Amino acid sequence: MKMETPQRLQPRGTEPVANEVSLALEKRLRAETQGEVRFDAGSRGRYATDASIYQVMPVGVLVPKSEADVRTAIDIARELRVPVLPRGGGTSQCGQTVGAALVIDHTKYLRRVLDVDATNRTVTVEPGIVLDHLNAQLKPHGLWFPVDVSTAAQATLGGMAGNNSCGSRSIAYGNMVHNVLGASAWLSDGSQVDFGPMAQAGASARAIGEYVRDLALSHREEIEQHWPKVLRRVAGYNLDIFHNQNERPYTGDGSVNLAHLLIGSEGTLACTRTLTLALAELPRAKVLGVVNFPTFHAAMDAAQHIVKLGPTAVELVDRTMIELSLSNPAFRPTIETALIGKPAAILLVEFAGGDKAGLLPKLADLAALMGDLGLKGSVVEMADDAMQKNLWEVRKAGLNIMMSLKGDGKPVSFIEDCAVPLEHLAEYTDALTEVFARHGSRGTWYAHASVGTLHVRPILDMRRDGAQRMRAIAEEAAALVRRYKGAYSGEHGDGLCRGEWIEWQFGPALNDAFRAIKERLDPIGLFNPGKIIDPPRMDDGSLFRFAPPQSPQPYRTIELKPVLDWSAWDVQNDPVTEETTAPGTGGDTTGGFAKAVEMCNNNGHCRKFDAGTMCPSYRVTRDETHLTRGRANTLRLALSGQLGPDAFTGETVREAMELCVGCKGCKRDCPTGVDMSRMKTEWLAHYKRRHGHTLKDKFIARLPDYAPQAARWAAVLNLRDRVPALARLSQRVLGITAKRPLPQWRTDTFWRAPESRRGATMEATLAAARAGQPAAVLFVDTFNASFETENALAALRVLQRAGCTVHVLDKGDRGGHHCCGRTFLAGGMVDEARARLSALVGALAPFADAGVPVVGLEPSCLLTLRDEALALGLGEPARKVAAQALLFEEYLARETKAGRLALSLKGVDQPILLHGHCHQKAFGAVEPVMQVLRLIPGAKPQLIESSCCGMAGSFGYDEKHYEVSMAMAEQSLLPALRQQPDAIVVADGTSCRHQVAHGAQREAVHVARLLESLLPSGNAA
Ligand SMILES: Cc1cc2nc3c(=O)[nH]c(=O)nc-3n(C[C@H](O)[C@H](O)[C@H](O)COP(=O)(O)OP(=O)(O)OC[C@H]3O[C@@H](n4cnc5c(N)ncnc54)[C@H](O)[C@@H]3O)c2cc1C
Ligand code: SF4
Ligand code: SF4
């Protein structure tokens, strides 16, 4: 049976290939495929990491446009003897998606649903499709693919198959392997093989099947002896399809499906071309019982009994996670709904079925069971869908909350998915907790109690002694897994991190059998070498993203004096208490900027397309370069000198930053708080320092300075939009696109309106505040003052009519407006921005000192006071002003709710659509607009689920960005508007309103104007 082994490629997949080979590969890929071929250092660097601790530079990257491209690439790579690494979303946690190979990124183009057979409940897909996107397409059929991984919004079906992924509801639906019906794949010899039921296999698949079957037969005893008998086992190859050891049979009738050989093979056996999947009926109803436990041990012990009730999920949230959720204002109200007293842990027990009424007895059974276990009254019953959904969101946010820890010690994933039989879960978790304590760390536990796979990550500093501690903990954890007859790799795969444990788990004979499978399917070792077979040591520091000092190229950052204050990130932490040292003490050579960048752990959450803003440029390009993660990786590589000298201000970083619209979506949506908008400001300042400012930079940045003079020349300046030649000229000279109009200058600016001087004096406003009466200072920004006078006047009138004493902030004797510095920040002119903000803060300080709210209209301007102003070193006055700075709608919503202001408004019967400005979303200021809109009698405002409108200040005016800007608007905003042609459109951002006018030929109004239009006439203030 032994086959002759052809000469294999480099076994470990971590050694770089020769330069001339790489050049030849690039040249041939360009000539022979239609795909995007990327061999530049930036692109390679962006594909050198996944959500693990590892980093290995790929040879190059191909983003294929068709399956023919993939096939051709495999042929070329084989001929040139370069390894191939198929890739999905790159969210793997064990390093299986990194290697010195040609990376083939399937996510951009190979993401079609090829066939849905609703009757037989099957679907055939290309490997690059994301789970959530597939399920969205299946929903109209009442079906879904139920392997519901936490990364459903990023994980591709190809990657899920590669990892044999498992979802929260695996107890009900099984793992990936239980749900795959067929796979068509390319082998390394270029042949295409269809893997499916053994009984119907074609010649090639049958030959492979028979080979593996013989291996299984000859290793029957070893399989019985060494194979973990748990549902969650994802290590090695699925040799047991011929002698099942899994708690759940791989197929309904116990037959063999050869596609299952590829599941969990981590791209090491073949490159998947298509997958055929079994679908499930979408559960029509769900109920949730939340069991509160007095001790963690009791929760772990109860899991084995609870699963007997037939739940679809049993998920753990421990005390630390509960505390973290309670301390987060966004999660507190939700977690409180689940708690009875102060439990040490809770289990979320879900039951699903046809109708809610039929499920309610299940909750009663759960309560009765807990009573029998001595925990009477410990169950919170949740039948309400919204409450359940919110609680699941908190549970899913668990890892993210943990990962936001600042400092070099991070929760590290390497034993986080060991699976043990449920009867041993309590002992196992107790024992592992002791292991952590012995090694000076601590674990926070959460996730899949139903299947004995609890996630836990000890905090380790991989730049220092993390590797040694990791190995020591891994060895002790492994001994426990063996003692309790569990699986060392129960969810996240083997990769670089757990490959070396395969032999430990299965013994040398089965390890040799795995090698034989690899050699049968991929004799030259083309696919993803060094994974599953011939893995490196898990603690080989040279493969770490943050390589420790003893490695050949230790991770070091360059010296950089930041222009913004990043000291909050420049800290270290205590792995047990998680307390951080004082800001500025972390030893960062860039003052904390690099450590802020390094917060990106590559989990890929920014590759999302659902609710929220992050990341608009990725949503339209689907390109790793134009993604928060790609940008953070590019910055990290540049700041650590891995892209060559001066790379930080070089072309590679510029390219990655080009399409970042500074929307701050990531500031809110990124689990670890990567704030790329602020990072772009920092980078741009350095970049412009080196390369100088363009005419366009100055034209836009200085707009607040020249606006008063320009207003006088309104008629002349507005000719630009009436004479096409002038628009073209502005494009040629300034780079401002001729394809869209500019804001119209006007002579009747806010500052020229008599009403602007009719606000209360400073003294009167302070006096009102001192007397406990509603009082505010109105900050009128350049845009509303110069171009949309009506908005500022409307805000003033509405506030006054509601009963507020309003002082309009101006420059005193000189009149005119203060500037928040935003346009300067956007142009990289940080010193100029600081000067403007300093003056603004100075002017507002007396009000802030007296506790008078600072109210503004334009989200990006007002919120600068709550954000960038705090990073510019303006000290305590800036902090006080920030604490008082409120958007018009935030102030109005707060004060009307408290009964201090009251508005009488006429009703509307038209629908109202609200588009939130990105910065409103980033600061949670969209709901207040909805609240204010609900003050209108009869109004039923609807929020448009939109990301960025594409304008982002001046971004959409740039001729280079026009198409991308329009594509962003067309993602959801403009189609939503077109669906409701009669709706009133509310948008508080100046540039959003321009985009709506340009893209949908509709007028959008600031909420202040809508309210003003509904004030009953006759008693104007
Ligand atoms: C925060 C977080 C939460 C997670 N939660 C879960 C969870 O609940 N359950 C779970 O199981 N996992 C989880 N994971 C791990 C990971 O998200 C999943 O394994 C996911 O399915 C990987 O999908 P991907 O598209 O990112 O694959 P990738 O990481 O890109 O690839 C995974 C493997 O598949 C191979 N592969 C990809 N495409 C192909 C192809 N066309 N042909 C052959 N091989 C291919 C790759 O080579 C690689 O070995 C989590 C990860 C993170 C960061
Ligand atoms: S930027 Fe944030 S969301 Fe994106 S991969 Fe990094 S940590 Fe995750
Ligand atoms: S600021 Fe916006 S565009 Fe830039 S990376 Fe973050 S989400 Fe993406």
# chains A, B, ... in the order shown; residues from 1 in each chain; ligands from 1
call {"tool": "closest_atom_pairs", "arguments": {"of": "chain A", "to": "ligand 1", "cutoff": "6 Å", "atoms": "only C-alpha atoms and all ligand atoms", "output": "JSON lines"}}
result
{"residue": "A:Ala51", "atom": "CA", "partner": "ligand 1", "partner_atom_place_in_ligand_line": "53 (C)", "distance": 5.2}
{"residue": "A:Leu85", "atom": "CA", "partner": "ligand 1", "partner_atom_place_in_ligand_line": "47 (O)", "distance": 5.4}
{"residue": "A:Pro86", "atom": "CA", "partner": "ligand 1", "partner_atom_place_in_ligand_line": "47 (O)", "distance": 4.5}
{"residue": "A:Arg87", "atom": "CA", "partner": "ligand 1", "partner_atom_place_in_ligand_line": "37 (C)", "distance": 4.0}
{"residue": "A:Gly88", "atom": "CA", "partner": "ligand 1", "partner_atom_place_in_ligand_line": "30 (O)", "distance": 3.2}
{"residue": "A:Gly89", "atom": "CA", "partner": "ligand 1", "partner_atom_place_in_ligand_line": "26 (O)", "distance": 3.5}
{"residue": "A:Gly90", "atom": "CA", "partner": "ligand 1", "partner_atom_place_in_ligand_line": "30 (O)", "distance": 3.4}
{"residue": "A:Thr91", "atom": "CA", "partner": "ligand 1", "partner_atom_place_in_ligand_line": "26 (O)", "distance": 3.6}
{"residue": "A:Ser92", "atom": "CA", "partner": "ligand 1", "partner_atom_place_in_ligand_line": "29 (O)", "distance": 3.8}
{"residue": "A:Gln93", "atom": "CA", "partner": "ligand 1", "partner_atom_place_in_ligand_line": "15 (C)", "distance": 5.7}
{"residue": "A:Gln96", "atom": "CA", "partner": "ligand 1", "partner_atom_place_in_ligand_line": "49 (O)", "distance": 4.4}
{"residue": "A:Thr97", "atom": "CA", "partner": "ligand 1", "partner_atom_place_in_ligand_line": "48 (C)", "distance": 4.5}
{"residue": "A:Pro127", "atom": "CA", "partner": "ligand 1", "partner_atom_place_in_ligand_line": "41 (N)", "distance": 5.0}
{"residue": "A:Val149", "atom": "CA", "partner": "ligand 1", "partner_atom_place_in_ligand_line": "8 (O)", "distance": 3.6}
{"residue": "A:Ser150", "atom": "CA", "partner": "ligand 1", "partner_atom_place_in_ligand_line": "8 (O)", "distance": 4.0}
{"residue": "A:Thr151", "atom": "CA", "partner": "ligand 1", "partner_atom_place_in_ligand_line": "17 (O)", "distance": 5.0}
{"residue": "A:Ala155", "atom": "CA", "partner": "ligand 1", "partner_atom_place_in_ligand_line": "25 (O)", "distance": 3.7}
{"residue": "A:Thr156", "atom": "CA", "partner": "ligand 1", "partner_atom_place_in_ligand_line": "25 (O)", "distance": 3.7}
{"residue": "A:Gly158", "atom": "CA", "partner": "ligand 1", "partner_atom_place_in_ligand_line": "38 (N)", "distance": 4.1}
{"residue": "A:Gly159", "atom": "CA", "partner": "ligand 1", "partner_atom_place_in_ligand_line": "27 (O)", "distance": 3.2}
{"residue": "A:Met160", "atom": "CA", "partner": "ligand 1", "partner_atom_place_in_ligand_line": "21 (O)", "distance": 3.4}
{"residue": "A:Gly162", "atom": "CA", "partner": "ligand 1", "partner_atom_place_in_ligand_line": "34 (O)", "distance": 3.4}
{"residue": "A:Asn163", "atom": "CA", "partner": "ligand 1", "partner_atom_place_in_ligand_line": "33 (C)", "distance": 5.1}
{"residue": "A:Ser165", "atom": "CA", "partner": "ligand 1", "partner_atom_place_in_ligand_line": "11 (O)", "distance": 3.3}
{"residue": "A:Cys166", "atom": "CA", "partner": "ligand 1", "partner_atom_place_in_ligand_line": "11 (O)", "distance": 3.9}
{"residue": "A:Gly167", "atom": "CA", "partner": "ligand 1", "partner_atom_place_in_ligand_line": "8 (O)", "distance": 4.9}
{"residue": "A:Glu266", "atom": "CA", "partner": "ligand 1", "partner_atom_place_in_ligand_line": "49 (O)", "distance": 3.3}
{"residue": "A:Gly267", "atom": "CA", "partner": "ligand 1", "partner_atom_place_in_ligand_line": "44 (N)", "distance": 3.4}
{"residue": "A:Ala270", "atom": "CA", "partner": "ligand 1", "partner_atom_place_in_ligand_line": "43 (C)", "distance": 5.8}
{"residue": "A:Cys271", "atom": "CA", "partner": "ligand 1", "partner_atom_place_in_ligand_line": "42 (N)", "distance": 3.7}
{"residue": "A:Thr272", "atom": "CA", "partner": "ligand 1", "partner_atom_place_in_ligand_line": "42 (N)", "distance": 3.7}
{"residue": "A:Glu491", "atom": "CA", "partner": "ligand 1", "partner_atom_place_in_ligand_line": "11 (O)", "distance": 4.9}
{"residue": "A:His492", "atom": "CA", "partner": "ligand 1", "partner_atom_place_in_ligand_line": "12 (N)", "distance": 5.2}
{"residue": "A:Asn603", "atom": "CA", "partner": "ligand 1", "partner_atom_place_in_ligand_line": "53 (C)", "distance": 4.0}
call {"tool": "residues_near_ligand", "arguments": {"ligand": "ligand 2", "cutoff": "10 Å", "atoms": "only C-alpha atoms and all ligand atoms", "output": "PyMOL selection string"}}
result
chain A and resi 50-51+90-91+400+403-404+597-608+614-615+627-633+666-676
call {"tool": "closest_atom_pairs", "arguments": {"of": "range 958-997 of chain A", "to": "range 734-758 of chain A", "cutoff": "8 Å", "atoms": "only C-alpha atoms", "output": "CSV"}}
result
residue,atom,partner,partner_atom,distance
A:Asp958,CA,A:Ile736,CA,4.8
A:Glu959,CA,A:Thr737,CA,4.0
A:Lys960,CA,A:Gly735,CA,7.7
A:Tyr962,CA,A:Thr737,CA,6.9
A:His994,CA,A:Pro743,CA,7.7
call {"tool": "write_last_selection", "arguments": {"atoms": "C-alpha atoms", "output": "mmCIF file, in the first residue's frame"}}
result
data_model
loop_
_atom_site.group_PDB
_atom_site.id
_atom_site.type_symbol
_atom_site.label_atom_id
_atom_site.label_comp_id
_atom_site.auth_asym_id
_atom_site.auth_seq_id
_atom_site.Cartn_x
_atom_site.Cartn_y
_atom_site.Cartn_z
ATOM 1 C CA ASP A 958 -11.986 64.394 -3.770
ATOM 2 C CA GLU A 959 -11.909 63.417 -7.416
ATOM 3 C CA LYS A 960 -10.008 60.228 -6.499
ATOM 4 C CA TYR A 962 -15.868 60.087 -5.971
ATOM 5 C CA HIS A 994 -25.148 66.917 0.461
#
call {"tool": "atom_distance", "arguments": {"atom1": "CA of Gly584 in chain A", "atom2": "CA of Gly407 in chain A"}}
result
10.9 Å
call {"tool": "residues_around", "arguments": {"residues": "Arg483 in chain A", "least_positions_apart": "5", "cutoff": "10 Å", "atoms": "only C-alpha atoms", "output": "count of residues only"}}
result
5
call {"tool": "atom_distance", "arguments": {"atom1": "CA of Ala152 in chain A", "atom2": "CA of His133 in chain A"}}
result
8.7 Å
call {"tool": "decode", "arguments": {"residues": "range 563-598 of chain A", "atoms": "N, CA, C and O atoms", "output": "compact mmCIF listing (two decimals), in the first residue's frame"}}
result
# COMPACT_ATOMS: atom_id res chain seq x y z
N VAL A 563 1.90 63.26 17.90
CA VAL A 563 1.31 64.60 18.01
C VAL A 563 0.06 64.56 18.89
O VAL A 563 -0.39 65.60 19.36
N LEU A 564 -0.50 63.39 19.04
CA LEU A 564 -1.68 63.25 19.91
C LEU A 564 -1.28 62.50 21.17
O LEU A 564 -0.24 61.85 21.21
N ASP A 565 -2.12 62.57 22.17
CA ASP A 565 -1.83 61.92 23.43
C ASP A 565 -2.32 60.46 23.39
O ASP A 565 -3.53 60.21 23.35
N TRP A 566 -1.39 59.52 23.37
CA TRP A 566 -1.73 58.10 23.36
C TRP A 566 -1.33 57.43 24.68
O TRP A 566 -1.25 56.20 24.76
N SER A 567 -1.08 58.25 25.69
CA SER A 567 -0.49 57.69 26.91
C SER A 567 -1.41 56.66 27.59
O SER A 567 -0.94 55.78 28.32
N ALA A 568 -2.72 56.76 27.34
CA ALA A 568 -3.63 55.80 27.97
C ALA A 568 -3.33 54.36 27.54
O ALA A 568 -3.66 53.41 28.24
N TRP A 569 -2.71 54.22 26.36
CA TRP A 569 -2.37 52.87 25.88
C TRP A 569 -0.97 52.46 26.33
O TRP A 569 -0.62 51.30 26.23
N ASP A 570 -0.20 53.44 26.75
CA ASP A 570 1.19 53.17 27.12
C ASP A 570 1.25 52.71 28.57
O ASP A 570 1.69 53.43 29.46
N VAL A 571 0.74 51.48 28.79
CA VAL A 571 0.64 50.94 30.14
C VAL A 571 1.03 49.47 30.12
O VAL A 571 1.17 48.86 29.07
N GLN A 572 1.20 48.90 31.29
CA GLN A 572 1.34 47.45 31.42
C GLN A 572 0.22 46.98 32.37
O GLN A 572 -0.41 47.81 33.03
N ASN A 573 -0.01 45.67 32.39
CA ASN A 573 -1.10 45.21 33.25
C ASN A 573 -0.68 44.04 34.14
O ASN A 573 0.33 43.39 33.89
N ASP A 574 -1.49 43.82 35.14
CA ASP A 574 -1.27 42.70 36.05
C ASP A 574 -2.14 41.53 35.56
O ASP A 574 -3.35 41.67 35.46
N PRO A 575 -1.51 40.38 35.24
CA PRO A 575 -2.30 39.29 34.65
C PRO A 575 -3.35 38.71 35.58
O PRO A 575 -4.28 38.06 35.12
N VAL A 576 -3.24 38.95 36.86
CA VAL A 576 -4.23 38.38 37.78
C VAL A 576 -5.34 39.39 38.05
O VAL A 576 -6.52 39.10 37.88
N THR A 577 -4.94 40.62 38.41
CA THR A 577 -5.99 41.60 38.76
C THR A 577 -6.46 42.37 37.53
O THR A 577 -7.50 43.01 37.56
N GLU A 578 -5.67 42.31 36.46
CA GLU A 578 -5.94 43.06 35.23
C GLU A 578 -5.84 44.57 35.45
O GLU A 578 -6.22 45.36 34.58
N GLU A 579 -5.30 44.99 36.58
CA GLU A 579 -5.11 46.42 36.79
C GLU A 579 -3.98 46.91 35.92
O GLU A 579 -2.99 46.20 35.70
N THR A 580 -4.13 48.12 35.41
CA THR A 580 -3.07 48.66 34.55
C THR A 580 -2.26 49.72 35.29
O THR A 580 -2.75 50.36 36.22
N THR A 581 -1.02 49.90 34.83
CA THR A 581 -0.15 50.91 35.44
C THR A 581 -0.61 52.30 34.98
O THR A 581 -1.49 52.42 34.12
N ALA A 582 0.04 53.32 35.50
CA ALA A 582 -0.37 54.69 35.17
C ALA A 582 -0.09 54.98 33.69
O ALA A 582 0.84 54.43 33.11
N PRO A 583 -0.93 55.83 33.07
CA PRO A 583 -0.69 56.18 31.67
C PRO A 583 0.74 56.68 31.45
O PRO A 583 1.28 57.40 32.28
N GLY A 584 1.33 56.25 30.36
CA GLY A 584 2.66 56.72 30.01
C GLY A 584 3.78 55.89 30.59
O GLY A 584 4.96 56.20 30.40
N THR A 585 3.45 54.79 31.29
CA THR A 585 4.51 54.01 31.95
C THR A 585 4.78 52.67 31.27
O THR A 585 5.47 51.82 31.80
N GLY A 586 4.20 52.48 30.08
CA GLY A 586 4.29 51.16 29.45
C GLY A 586 5.56 50.90 28.69
O GLY A 586 5.79 49.82 28.18
N GLY A 587 6.41 51.93 28.54
CA GLY A 587 7.69 51.75 27.85
C GLY A 587 7.58 51.77 26.33
O GLY A 587 8.45 51.27 25.63
N ASP A 588 6.53 52.35 25.82
CA ASP A 588 6.34 52.40 24.37
C ASP A 588 7.22 53.52 23.76
O ASP A 588 7.16 54.66 24.21
N THR A 589 8.00 53.16 22.74
CA THR A 589 8.89 54.15 22.11
C THR A 589 8.12 55.14 21.25
O THR A 589 8.68 56.08 20.71
N THR A 590 6.81 54.93 21.12
CA THR A 590 6.01 55.87 20.33
C THR A 590 4.96 56.54 21.22
O THR A 590 3.95 57.04 20.73
N GLY A 591 5.20 56.50 22.51
CA GLY A 591 4.32 57.19 23.44
C GLY A 591 2.94 56.57 23.57
O GLY A 591 1.99 57.23 23.97
N GLY A 592 2.80 55.33 23.16
CA GLY A 592 1.51 54.65 23.31
C GLY A 592 0.80 54.43 21.98
O GLY A 592 -0.14 53.64 21.89
N PHE A 593 1.28 55.14 20.93
CA PHE A 593 0.62 55.00 19.63
C PHE A 593 0.73 53.56 19.11
O PHE A 593 -0.27 52.96 18.69
N ALA A 594 1.93 53.00 19.19
CA ALA A 594 2.11 51.62 18.69
C ALA A 594 1.25 50.65 19.49
O ALA A 594 0.61 49.76 18.92
N LYS A 595 1.20 50.85 20.80
CA LYS A 595 0.39 49.92 21.61
C LYS A 595 -1.10 50.05 21.27
O LYS A 595 -1.84 49.06 21.32
N ALA A 596 -1.52 51.25 20.92
CA ALA A 596 -2.93 51.41 20.50
C ALA A 596 -3.16 50.65 19.19
O ALA A 596 -4.18 49.97 19.03
N VAL A 597 -2.20 50.75 18.29
CA VAL A 597 -2.31 50.04 17.01
C VAL A 597 -2.32 48.53 17.25
O VAL A 597 -3.09 47.78 16.63
N GLU A 598 -1.46 48.11 18.17
CA GLU A 598 -1.32 46.67 18.44
C GLU A 598 -2.55 46.07 19.13
O GLU A 598 -2.64 44.86 19.29
